[in-house]
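Worksheet for the structure shown next.
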Amino acid sequence: MTETLLDVRDLSVRFDTDDGAVHAVDRMSLTLEPRQVLGIVGESGCGKSVTALSILGLLPKTATVTGSVNFDGTELLGASKSHLRKVRGRQISFVFQEPMTSLNPVFRIGRQVDEVIQEHMNVSKREARARALELLDLVHIPDPARRLDEYPHQLSGGMRQRVMIAMALACDPKILIADEPTTALDVTIQAGILDLLREVRERLGTAIVLITHNLGVVADLADRVVVMYAGRKAEEAPVHELFAHPQHPYTIGLLGAVPRAGAARNGRLQEIPGRVPSLAELPGHCAFADRCPRADEQSWSEVPELREVRRDHAVACFHPGEQ
Amino acid sequence: MGAFILRKAGAALIVVFLASVLVFVGVRAIPGDPALAYAAEDRDPKVLADIREKYGLDDPLPVQYVRWVGLALQGDLGTDTRGLPVAETIVTRIPLTLELTFLAMLIGTVIGITAGVIAAVRRGKASDYAATSVALLGLSVPHFWLGLLMIIVFAVNLNWLPASGYVPFREDPVENLKHMLMPAIVLGTGLSAVLMRQMRSAMLDSLGADYVRTARAKGLSEWSIVGRHALRNSLITVTTVIGLQLGALISGAVVTEQIFGIAGFGRLTVDSIAQRDYALLQGVVLVVAVGYVIVNLLVDVAYSLINPRIRVAGTSN
Amino acid sequence: MSLLIVVGAILAAVFAEWVAPYPPEETDFEALLASPSREHLLGTDDLGRDTLSRIIWGARASIQAGFFATVLAMAVAVPIGLIAGYYRGWLDTVIARVTDVLLAFPFLILAVGLAAILGPSLLNATLALGIAAIPPLIRIARGETLALREEDYVRAAVANGANDAVIIGRHILPNMTSTLLVQATLTIPAAIIGEAVLSFLGLGVQPPTPSWGVMLNAAQPYLNEAPSLAVYPGLAIVIVALAFNLLGDGLRDVLDPKTER
């Protein structure tokens, strides 16, 4: 095992809303090593995006974050604004889900890419522009010089997402957090973006946190997978281990929902019955109990703690097992 | 871009044409015999008949309209009841009103936009509540009353500023501004209140937008997030509002000039109504409508300049 | 709070006879331009008329103008906007164009012009303000209809073969009531101020009938001796207009789910 790049410990996030507190994340822990691709998987509302945003202090003021986020030896939770700003975009950068709205509609592409370079590197305007051109080329945008002078609405969704990735890579960050980078795109475009992310890791050695609701995307790209449910970690394992020996009934359900070649055609996608619980209050029992075929009295009375059931494979379930 | 402006200009021309018809018919609908206004005291039927003959008042309305528009296109708006050329009167009155509205717009925009941005950034804090409350108050205060209050305080009690009158800028710039300050503030208040509210809500929208989250994630300073990314987008909305508010500004000018005794365009409007001076009123209202349309055209152009989606595509969506 | 003021102003306007301490036109030659005293709480004007009583009576003109002008404008504008927005086509083009033309005349200029055509009186001022308020309301109603028309439930209703009257009456109109209600609450204060302006310019209520605009106009020559004559009627306008505006804002916050506070 190599040194740890990002170490998140016992991260909890609470939102204070007009209707009371909402617990979005509860005692979440993650580690990320250099060059590693970590997939975080879960249904929408499970707290995966909130976890990612809280790492860089990007949550709105209504959020209360506790725990610890250690990046490369320094604590980011509660760090000063100016310190956070030096990390954002420089050491850890973000690619968001909505390429349509994540770029500012009134500025040219070039300016939006230059901006982040000039913010963090001590370079002239011209050097920044040269770097921007290089970046667009790196993310395989055809005719990059022309694209620099265009506005976001002139680009397709896939191209915009490539611009977002170029912007994220501008300062050669150590970590790239991609929050549902392909969800808003057409299926045909998705594969291209995933290929690009893989290439980024190979060529630049950037560690990637890949957040998605799609296990298929993770299978393609990630080294390690964390499955989240209702603000908590349900299961964590290396990607092959997880796919070969899923332990948590929720993971097994998700895997049933992955369209695999062949399987999808002759049978219906298996859906997990029930809904993700509202996070208004944290239940005093297994959050998955009401949707779980294995739930019993214990599931309804205690919260399962994470435990290692196989080598390097942890699960929070009283009744783990593959079937 | 060129096509966009041409299209807008075409639409504006149609609006001006329809407006001119409306003005003409509207003014003719005012009760009273136009000839009587010209005749002043003289009620002799023969004199009235002569006047009708001279001004073509017996011709059918469409004929009169065509004649009026034909002459108007050549810059001739006819003569008023005092026998003075309407166009000339209007031209001498316009600069006063232009200066007044320009200053009012300047005051209104600067205060409104600044206050709106501050309120949005400091949302929910004391300064937000203060700015929002003052703006609401500003919306509810009628111009003319604010004018009277200011006269009472600054002219009557403190004797700082003159209560009325006008000094041309070229004669004495300082006196000119002294005379214009109160009227411009009075006229600008409503605009600044409206703009503040619009700016606040537009900024709140922008600050919550995904691209602002991107800017934050890029590690940009709060200053460039607010001052560049959010502001630029908010200004697009607010430019349209400035155009729409122009009407209120013109109406306000009428009342403001009345209070501060400024012999501008608004005053001319009221006087021409009071004196049933048809030619004058027709001319005045036509100029207002044309001016309004022109300024809205300019606003459209400005809008397309700051909103790339319209500039490049050539179509609004 | 704002609701209280609005209700209070309406009650004062309706029951002016009982609320006001003096008849509005009763002169007291013992007290000309008097300062506030126990007999005349807000003082008197140049003819010795009680300012407080005249303000209360003036509320009648203001509320009447504000309320009826808005009702008139709504009654005309909403059906036109609905039809234009729902049926589209040439009719919509014509309506939209005409609205554009009318919008080229600023609200108050239009009202001033109409009042001049109709002749000065409270009724005519109300009519003028009501007509002048129509164009922007048409635009709002039309815009709202255009948007609602694209909603899934409206499309579903169309697909189910519901007739136009049912769709407009049951699906579109109810969904724009909150917008219209808010707009109405904001049109009323505009009309109240408009009435004051018209009366101030001599195109609305005629003296000696009390109206806030008339009182302010009459106060102009006495800014030196009796500034309070100009202060109180204006204050009345501000308070009532502010109350309506606050009410409108409050309604918008409650009714419009898009604006979260």
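Note on naming: chains are A, B, ... as they come in the structure tokens, residues start from 1 per chain, ligands start from 1 in the order shown.
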
Do you have, as a Markdown table, the list of residues of range 65-176 of chain A lying at most 12 Å from range 8-28 of chain A, each with its nearest atom pair and that distance in Å to one decimal, counting only C-alpha atoms and ordered by chain then number?
```
| residue | atom | partner | partner_atom | distance |
| --- | --- | --- | --- | --- |
| A:Val65 | CA | A:Val13 | CA | 4.5 |
| A:Thr66 | CA | A:Ser12 | CA | 5.2 |
| A:Gly67 | CA | A:Leu11 | CA | 4.4 |
| A:Ser68 | CA | A:Arg9 | CA | 5.1 |
| A:Val69 | CA | A:Val8 | CA | 4.5 |
| A:Asn70 | CA | A:Val8 | CA | 6.1 |
| A:Phe71 | CA | A:Val8 | CA | 8.4 |
| A:Asp72 | CA | A:Val8 | CA | 11.3 |
| A:Gly73 | CA | A:Val8 | CA | 11.6 |
| A:Thr74 | CA | A:Val8 | CA | 11.6 |
| A:Glu75 | CA | A:Val8 | CA | 9.7 |
| A:Leu76 | CA | A:Val8 | CA | 9.8 |
| A:Leu77 | CA | A:Leu11 | CA | 9.6 |
```

Proximity check chain B to chain A, 9 Å, nearest pairs one decimal Å, only C-alpha atoms, as CSV:
```
residue,atom,partner,partner_atom,distance
B:Ala209,CA,A:Thr101,CA,7.6
B:Asp210,CA,A:Ser102,CA,4.7
B:Tyr211,CA,A:Ser102,CA,4.1
B:Val212,CA,A:Asn104,CA,7.6
B:Arg213,CA,A:Ser102,CA,7.5
B:Thr214,CA,A:Ser102,CA,6.0
B:Ala215,CA,A:Val116,CA,8.5
B:Arg216,CA,A:Leu58,CA,7.3
B:Ala217,CA,A:Arg88,CA,5.4
B:Lys218,CA,A:Gly89,CA,4.1
B:Gly219,CA,A:Arg85,CA,4.3
B:Leu220,CA,A:Glu119,CA,6.5
B:Ser221,CA,A:Arg85,CA,7.3
B:His229,CA,A:Asn104,CA,7.0
B:Ala230,CA,A:Asn104,CA,8.9
B:Arg232,CA,A:Val106,CA,7.3
B:Asn233,CA,A:Val106,CA,6.7
B:Ile306,CA,A:Val106,CA,7.4
B:Asn307,CA,A:Val106,CA,6.2
B:Pro308,CA,A:Val106,CA,6.0
B:Arg309,CA,A:His153,CA,6.8
B:Val312,CA,A:Gln154,CA,8.8
B:Ala313,CA,A:Gln154,CA,8.8
```

Kindly export the residues of the current selection with N, CA and C atoms, as a PDB file, in the first residue's frame.
```
ATOM      1  N   ALA B 209     -26.573  29.423  -9.346  1.00  0.00           N
ATOM      2  CA  ALA B 209     -26.473  28.675 -10.600  1.00  0.00           C
ATOM      3  C   ALA B 209     -25.270  27.743 -10.594  1.00  0.00           C
ATOM      4  N   ASP B 210     -25.346  26.742 -11.468  1.00  0.00           N
ATOM      5  CA  ASP B 210     -24.268  25.758 -11.538  1.00  0.00           C
ATOM      6  C   ASP B 210     -22.938  26.385 -11.914  1.00  0.00           C
ATOM      7  N   TYR B 211     -22.986  27.388 -12.816  1.00  0.00           N
ATOM      8  CA  TYR B 211     -21.707  27.939 -13.256  1.00  0.00           C
ATOM      9  C   TYR B 211     -20.997  28.704 -12.135  1.00  0.00           C
ATOM     10  N   VAL B 212     -21.773  29.177 -11.171  1.00  0.00           N
ATOM     11  CA  VAL B 212     -21.123  29.819 -10.027  1.00  0.00           C
ATOM     12  C   VAL B 212     -20.469  28.758  -9.136  1.00  0.00           C
ATOM     13  N   ARG B 213     -21.135  27.598  -9.037  1.00  0.00           N
ATOM     14  CA  ARG B 213     -20.530  26.502  -8.298  1.00  0.00           C
ATOM     15  C   ARG B 213     -19.223  26.085  -8.987  1.00  0.00           C
ATOM     16  N   THR B 214     -19.254  26.053 -10.317  1.00  0.00           N
ATOM     17  CA  THR B 214     -18.031  25.741 -11.058  1.00  0.00           C
ATOM     18  C   THR B 214     -16.940  26.762 -10.738  1.00  0.00           C
ATOM     19  N   ALA B 215     -17.322  28.048 -10.772  1.00  0.00           N
ATOM     20  CA  ALA B 215     -16.338  29.096 -10.492  1.00  0.00           C
ATOM     21  C   ALA B 215     -15.748  28.914  -9.099  1.00  0.00           C
ATOM     22  N   ARG B 216     -16.596  28.555  -8.137  1.00  0.00           N
ATOM     23  CA  ARG B 216     -16.101  28.315  -6.777  1.00  0.00           C
ATOM     24  C   ARG B 216     -15.127  27.147  -6.783  1.00  0.00           C
ATOM     25  N   ALA B 217     -15.520  26.070  -7.480  1.00  0.00           N
ATOM     26  CA  ALA B 217     -14.684  24.878  -7.487  1.00  0.00           C
ATOM     27  C   ALA B 217     -13.353  25.139  -8.190  1.00  0.00           C
ATOM     28  N   LYS B 218     -13.337  26.196  -9.035  1.00  0.00           N
ATOM     29  CA  LYS B 218     -12.090  26.543  -9.701  1.00  0.00           C
ATOM     30  C   LYS B 218     -11.157  27.307  -8.772  1.00  0.00           C
ATOM     31  N   GLY B 219     -11.637  27.649  -7.588  1.00  0.00           N
ATOM     32  CA  GLY B 219     -10.790  28.363  -6.640  1.00  0.00           C
ATOM     33  C   GLY B 219     -10.716  29.853  -6.909  1.00  0.00           C
ATOM     34  N   LEU B 220     -11.704  30.389  -7.657  1.00  0.00           N
ATOM     35  CA  LEU B 220     -11.677  31.827  -7.926  1.00  0.00           C
ATOM     36  C   LEU B 220     -12.006  32.594  -6.656  1.00  0.00           C
ATOM     37  N   SER B 221     -11.590  33.867  -6.638  1.00  0.00           N
ATOM     38  CA  SER B 221     -11.880  34.680  -5.467  1.00  0.00           C
ATOM     39  C   SER B 221     -13.356  35.056  -5.459  1.00  0.00           C
ATOM     40  N   HIS B 229     -18.701  36.532 -12.706  1.00  0.00           N
ATOM     41  CA  HIS B 229     -19.572  35.454 -13.166  1.00  0.00           C
ATOM     42  C   HIS B 229     -21.038  35.728 -12.890  1.00  0.00           C
ATOM     43  N   ALA B 230     -21.359  36.138 -11.679  1.00  0.00           N
ATOM     44  CA  ALA B 230     -22.769  36.330 -11.341  1.00  0.00           C
ATOM     45  C   ALA B 230     -23.292  37.649 -11.901  1.00  0.00           C
ATOM     46  N   ARG B 232     -22.414  39.547 -14.469  1.00  0.00           N
ATOM     47  CA  ARG B 232     -22.615  39.626 -15.915  1.00  0.00           C
ATOM     48  C   ARG B 232     -23.948  38.993 -16.313  1.00  0.00           C
ATOM     49  N   ASN B 233     -24.251  37.847 -15.738  1.00  0.00           N
ATOM     50  CA  ASN B 233     -25.512  37.193 -16.077  1.00  0.00           C
ATOM     51  C   ASN B 233     -26.717  37.963 -15.564  1.00  0.00           C
ATOM     52  N   ILE B 306     -24.595  42.091 -24.615  1.00  0.00           N
ATOM     53  CA  ILE B 306     -24.115  41.387 -23.433  1.00  0.00           C
ATOM     54  C   ILE B 306     -24.614  39.960 -23.364  1.00  0.00           C
ATOM     55  N   ASN B 307     -25.559  39.612 -24.225  1.00  0.00           N
ATOM     56  CA  ASN B 307     -26.027  38.230 -24.200  1.00  0.00           C
ATOM     57  C   ASN B 307     -25.620  37.499 -25.469  1.00  0.00           C
ATOM     58  N   PRO B 308     -24.534  36.721 -25.394  1.00  0.00           N
ATOM     59  CA  PRO B 308     -23.999  36.073 -26.593  1.00  0.00           C
ATOM     60  C   PRO B 308     -24.997  35.131 -27.249  1.00  0.00           C
ATOM     61  N   ARG B 309     -25.910  34.566 -26.492  1.00  0.00           N
ATOM     62  CA  ARG B 309     -26.823  33.599 -27.079  1.00  0.00           C
ATOM     63  C   ARG B 309     -27.668  34.242 -28.164  1.00  0.00           C
ATOM     64  N   VAL B 312     -25.044  35.629 -31.427  1.00  0.00           N
ATOM     65  CA  VAL B 312     -24.540  34.695 -32.419  1.00  0.00           C
ATOM     66  C   VAL B 312     -25.668  33.988 -33.153  1.00  0.00           C
ATOM     67  N   ALA B 313     -26.636  33.534 -32.396  1.00  0.00           N
ATOM     68  CA  ALA B 313     -27.694  32.747 -33.015  1.00  0.00           C
ATOM     69  C   ALA B 313     -28.604  33.625 -33.857  1.00  0.00           C
TER      70      ALA B 313
END
```

- [ ] Counting only C-alpha atoms, figure out which residue out of A:Ile109, A:Leu242, A:Val139, A:Ala63 gets nearest to Val225 in chain A.
- [x] A:Leu242

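Here the question is which of C:Ala162, C:Leu201, C:Leu242, C:Leu102 gets nearest to Ser20 in chain B using only C-alpha atoms, and that residue is C:Leu102.
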
Open item on the list: List the spatial neighbours of range 248-257 of chain B as a PyMOL selection string - criterion: any atom at most 6 Å away, only C-alpha atoms, same-chain residues fewer than 4 positions off excluded.
Closed with: (chain B and resi 261-262+266-267) or (chain C and resi 108-109)

Include C-alpha atoms and write out the residues we just selected as a compact mmCIF listing (two decimals), in the first residue's frame.
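The new file selection.txt reads:
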```
# COMPACT_ATOMS: atom_id res chain seq x y z
CA GLY B 261 -40.99 74.35 -12.46
CA ILE B 262 -38.76 73.00 -15.19
CA GLY B 266 -43.27 66.90 -19.63
CA ARG B 267 -44.44 70.36 -18.74
CA LEU C 108 -49.14 57.46 -16.66
CA ILE C 109 -48.87 59.22 -20.02
```

- [ ] Tell me, as a ChimeraX atom specification, which residues lie within 9 Å of Val78 in chain C, counting only C-alpha atoms; anything in the same chain fewer than 4 positions away does not count.
- [x] /C:73-74,82-83,134,137-138,140-142,180

Skip Gly283 in chain B itself and residues of its chain fewer than 6 positions away, then list as a PDB file with C-alpha atoms, in the first residue's frame all residues within 9 Å of it, counting only C-alpha atoms.
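What ended up in result-v5.pdb:
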```pdb
ATOM      1  CA  VAL B  23     -52.088  59.533 -31.282  1.00  0.00           C
ATOM      2  CA  ALA B  72     -44.182  65.260 -39.836  1.00  0.00           C
ATOM      3  CA  LEU B  77     -45.488  69.257 -36.981  1.00  0.00           C
ATOM      4  CA  GLY B  78     -47.704  72.222 -37.722  1.00  0.00           C
ATOM      5  CA  VAL B  86     -44.617  72.885 -32.908  1.00  0.00           C
ATOM      6  CA  ALA B  87     -41.397  71.198 -33.988  1.00  0.00           C
ATOM      7  CA  ILE B  90     -40.407  70.652 -28.943  1.00  0.00           C
TER       8      ILE B  90
END
```

Task: Nearest candidate to Val293 in chain B (options C:Leu251, C:Leu181, C:Ile167, C:Val101; using only C-alpha atoms) - done: C:Val101

- [ ] Pull the alpha helix (DSSP H) assignments for range 93-266 of chain A out of DSSP run on the backbone, and list those residues as a ChimeraX atom specification.
- [x] /A:99-102,109-120,125-138,144-148,157-169,187-204,215-221,239-244,249-256,263-266

Selection: 7 Å around range 180-193 of chain B, only C-alpha atoms, excl. self and same-chain fewer than 4 positions, as a PDB file with C-alpha atoms, in the first residue's frame:
```pdb
ATOM      1  CA  LEU B 100     -33.257  65.268 -16.302  1.00  0.00           C
ATOM      2  CA  LEU B 103     -29.263  62.148 -14.578  1.00  0.00           C
ATOM      3  CA  ALA B 104     -32.180  60.278 -13.046  1.00  0.00           C
ATOM      4  CA  MET B 105     -31.214  57.140 -14.922  1.00  0.00           C
ATOM      5  CA  ILE B 107     -28.592  57.904 -10.182  1.00  0.00           C
ATOM      6  CA  GLY B 108     -31.196  55.165 -10.369  1.00  0.00           C
ATOM      7  CA  THR B 109     -28.945  52.626 -12.084  1.00  0.00           C
ATOM      8  CA  ILE B 111     -27.788  53.063  -6.663  1.00  0.00           C
ATOM      9  CA  GLY B 112     -30.171  50.318  -7.743  1.00  0.00           C
ATOM     10  CA  ALA B 135     -36.588  49.774  -1.998  1.00  0.00           C
ATOM     11  CA  LEU B 136     -40.155  48.816  -1.146  1.00  0.00           C
ATOM     12  CA  GLY B 138     -39.169  53.807  -2.735  1.00  0.00           C
ATOM     13  CA  LEU B 139     -41.728  51.950  -4.834  1.00  0.00           C
ATOM     14  CA  HIS B 143     -42.715  61.225  -7.209  1.00  0.00           C
ATOM     15  CA  LEU B 146     -41.171  63.090  -2.624  1.00  0.00           C
ATOM     16  CA  GLY B 147     -40.481  66.247  -4.623  1.00  0.00           C
ATOM     17  CA  ASN B 176     -27.317  73.748 -13.646  1.00  0.00           C
ATOM     18  CA  ARG B 197     -35.317  44.452  -6.415  1.00  0.00           C
ATOM     19  CA  GLN B 245     -38.773  51.268 -16.766  1.00  0.00           C
ATOM     20  CA  LEU B 249     -39.248  57.537 -16.170  1.00  0.00           C
ATOM     21  CA  GLY B 252     -42.291  60.651 -13.850  1.00  0.00           C
ATOM     22  CA  ALA B 253     -40.614  63.433 -15.775  1.00  0.00           C
ATOM     23  CA  THR B 256     -41.313  66.098 -11.683  1.00  0.00           C
ATOM     24  CA  PHE B 260     -39.817  71.842  -9.879  1.00  0.00           C
TER      25      PHE B 260
END
```

Near Cys46 in chain A, within 8 Å and counting only C-alpha atoms, which residues show up once chain neighbours fewer than 4 positions away are dropped, as a tab-separated table (two decimals) with C-alpha atoms, in the first residue's frame?
```tsv
chain	number	residue	atom	x	y	z
A	24	ALA	CA	-27.39	13.94	4.33
A	25	VAL	CA	-24.24	12.09	5.28
A	42	GLY	CA	-25.69	4.98	-4.89
A	228	MET	CA	-23.61	4.40	-0.28
A	229	TYR	CA	-27.13	4.14	1.01
A	230	ALA	CA	-29.08	6.80	2.90
A	231	GLY	CA	-26.00	8.80	3.84
A	232	ARG	CA	-23.99	5.81	5.02
A	276	VAL	CA	-34.74	5.60	-0.63
```

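Counting only C-alpha atoms, the residue from C:Ser121, C:Ala241, C:Asp253, C:Gln183 that sits nearest to Ala61 in chain C is C:Ser121.
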
Quick one: which chain C residues come within 8 Å of chain B, and what is the nearest atom pair for each with the distance in Å to one decimal, counting only C-alpha atoms, rows ordered by chain and ascending number, as a tab-separated table?
```
residue	atom	partner	partner_atom	distance
C:Arg97	CA	B:Val15	CA	7.6
C:Asp100	CA	B:Val15	CA	7.0
C:Val101	CA	B:Val15	CA	5.2
C:Leu102	CA	B:Ala19	CA	7.5
C:Ala104	CA	B:Ala289	CA	5.6
C:Phe105	CA	B:Ala289	CA	6.0
C:Pro106	CA	B:Gly247	CA	4.2
C:Phe107	CA	B:Gly247	CA	7.0
C:Leu108	CA	B:Ser251	CA	5.4
C:Ile109	CA	B:Ser251	CA	5.6
C:Gly113	CA	B:Ile273	CA	7.9
C:Ala116	CA	B:Ile273	CA	6.7
C:Ile117	CA	B:Ile30	CA	4.1
C:Leu118	CA	B:Ile30	CA	7.1
C:Gly119	CA	B:Pro31	CA	8.0
C:Pro189	CA	B:Ser140	CA	7.5
C:Ile193	CA	B:Pro142	CA	6.1
C:Val197	CA	B:Val255	CA	7.6
C:Leu201	CA	B:Val270	CA	8.0
C:Leu216	CA	B:Trp145	CA	7.5
C:Gln220	CA	B:Leu148	CA	7.7
C:Leu223	CA	B:Ile152	CA	6.3
C:Asn224	CA	B:Val156	CA	6.4
C:Pro227	CA	B:Ile152	CA	6.6
C:Ala230	CA	B:Leu148	CA	7.0
C:Val231	CA	B:Leu149	CA	6.9
C:Gly234	CA	B:Trp145	CA	5.7
C:Ile237	CA	B:Val141	CA	7.4
C:Val238	CA	B:Val141	CA	5.2
C:Ile239	CA	B:Ser140	CA	7.7
C:Ala241	CA	B:Ser140	CA	5.1
C:Leu242	CA	B:Ser140	CA	5.1
C:Asn245	CA	B:Leu136	CA	7.3
C:Leu246	CA	B:Leu136	CA	7.6
```

Kindly save the residues from that selection, with C-alpha atoms included, as a PDB file, in the first residue's frame.
```pdb
ATOM      1  CA  ARG C  97     -48.617  43.842 -31.748  1.00  0.00           C
ATOM      2  CA  ASP C 100     -46.661  46.446 -28.012  1.00  0.00           C
ATOM      3  CA  VAL C 101     -47.970  49.677 -29.475  1.00  0.00           C
ATOM      4  CA  LEU C 102     -49.923  50.525 -26.347  1.00  0.00           C
ATOM      5  CA  ALA C 104     -45.031  52.386 -26.221  1.00  0.00           C
ATOM      6  CA  PHE C 105     -47.101  54.853 -24.226  1.00  0.00           C
ATOM      7  CA  PRO C 106     -45.975  54.887 -20.621  1.00  0.00           C
ATOM      8  CA  PHE C 107     -48.689  53.994 -18.103  1.00  0.00           C
ATOM      9  CA  LEU C 108     -49.138  57.460 -16.664  1.00  0.00           C
ATOM     10  CA  ILE C 109     -48.873  59.223 -20.020  1.00  0.00           C
ATOM     11  CA  GLY C 113     -54.068  61.280 -22.179  1.00  0.00           C
ATOM     12  CA  ALA C 116     -57.841  64.390 -20.892  1.00  0.00           C
ATOM     13  CA  ILE C 117     -60.055  62.720 -23.495  1.00  0.00           C
ATOM     14  CA  LEU C 118     -62.661  61.646 -20.962  1.00  0.00           C
ATOM     15  CA  GLY C 119     -62.666  64.848 -18.960  1.00  0.00           C
ATOM     16  CA  PRO C 189     -51.078  50.720  -5.468  1.00  0.00           C
ATOM     17  CA  ILE C 193     -50.646  56.623  -6.951  1.00  0.00           C
ATOM     18  CA  VAL C 197     -51.058  62.116  -9.826  1.00  0.00           C
ATOM     19  CA  LEU C 201     -52.428  67.551 -12.226  1.00  0.00           C
ATOM     20  CA  LEU C 216     -51.231  67.886  -2.244  1.00  0.00           C
ATOM     21  CA  GLN C 220     -48.190  73.605  -2.917  1.00  0.00           C
ATOM     22  CA  LEU C 223     -44.936  74.910   1.570  1.00  0.00           C
ATOM     23  CA  ASN C 224     -43.401  77.715   3.592  1.00  0.00           C
ATOM     24  CA  PRO C 227     -45.471  72.200   5.223  1.00  0.00           C
ATOM     25  CA  ALA C 230     -48.098  68.549   2.040  1.00  0.00           C
ATOM     26  CA  VAL C 231     -46.738  65.893   4.374  1.00  0.00           C
ATOM     27  CA  GLY C 234     -48.537  62.036   0.939  1.00  0.00           C
ATOM     28  CA  ILE C 237     -50.516  57.498  -0.017  1.00  0.00           C
ATOM     29  CA  VAL C 238     -47.184  55.990   0.964  1.00  0.00           C
ATOM     30  CA  ILE C 239     -48.632  53.934   3.800  1.00  0.00           C
ATOM     31  CA  ALA C 241     -49.339  51.887  -1.336  1.00  0.00           C
ATOM     32  CA  LEU C 242     -46.642  50.314   0.798  1.00  0.00           C
ATOM     33  CA  ASN C 245     -46.972  46.332  -2.178  1.00  0.00           C
ATOM     34  CA  LEU C 246     -46.011  44.367   0.934  1.00  0.00           C
TER      35      LEU C 246
END
```

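Here CA of Leu207 in chain B is placed at a distance of 18.3 Å from CA of Ala131 in chain B.
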
Task: Residue set, range 88-315 of chain A restricted to strand (DSSP E or B), as a VMD selection string - done: chain A and resid 88 92 to 95 175 to 179 207 to 212 224 to 229 232 to 238 307 to 310 313 to 315
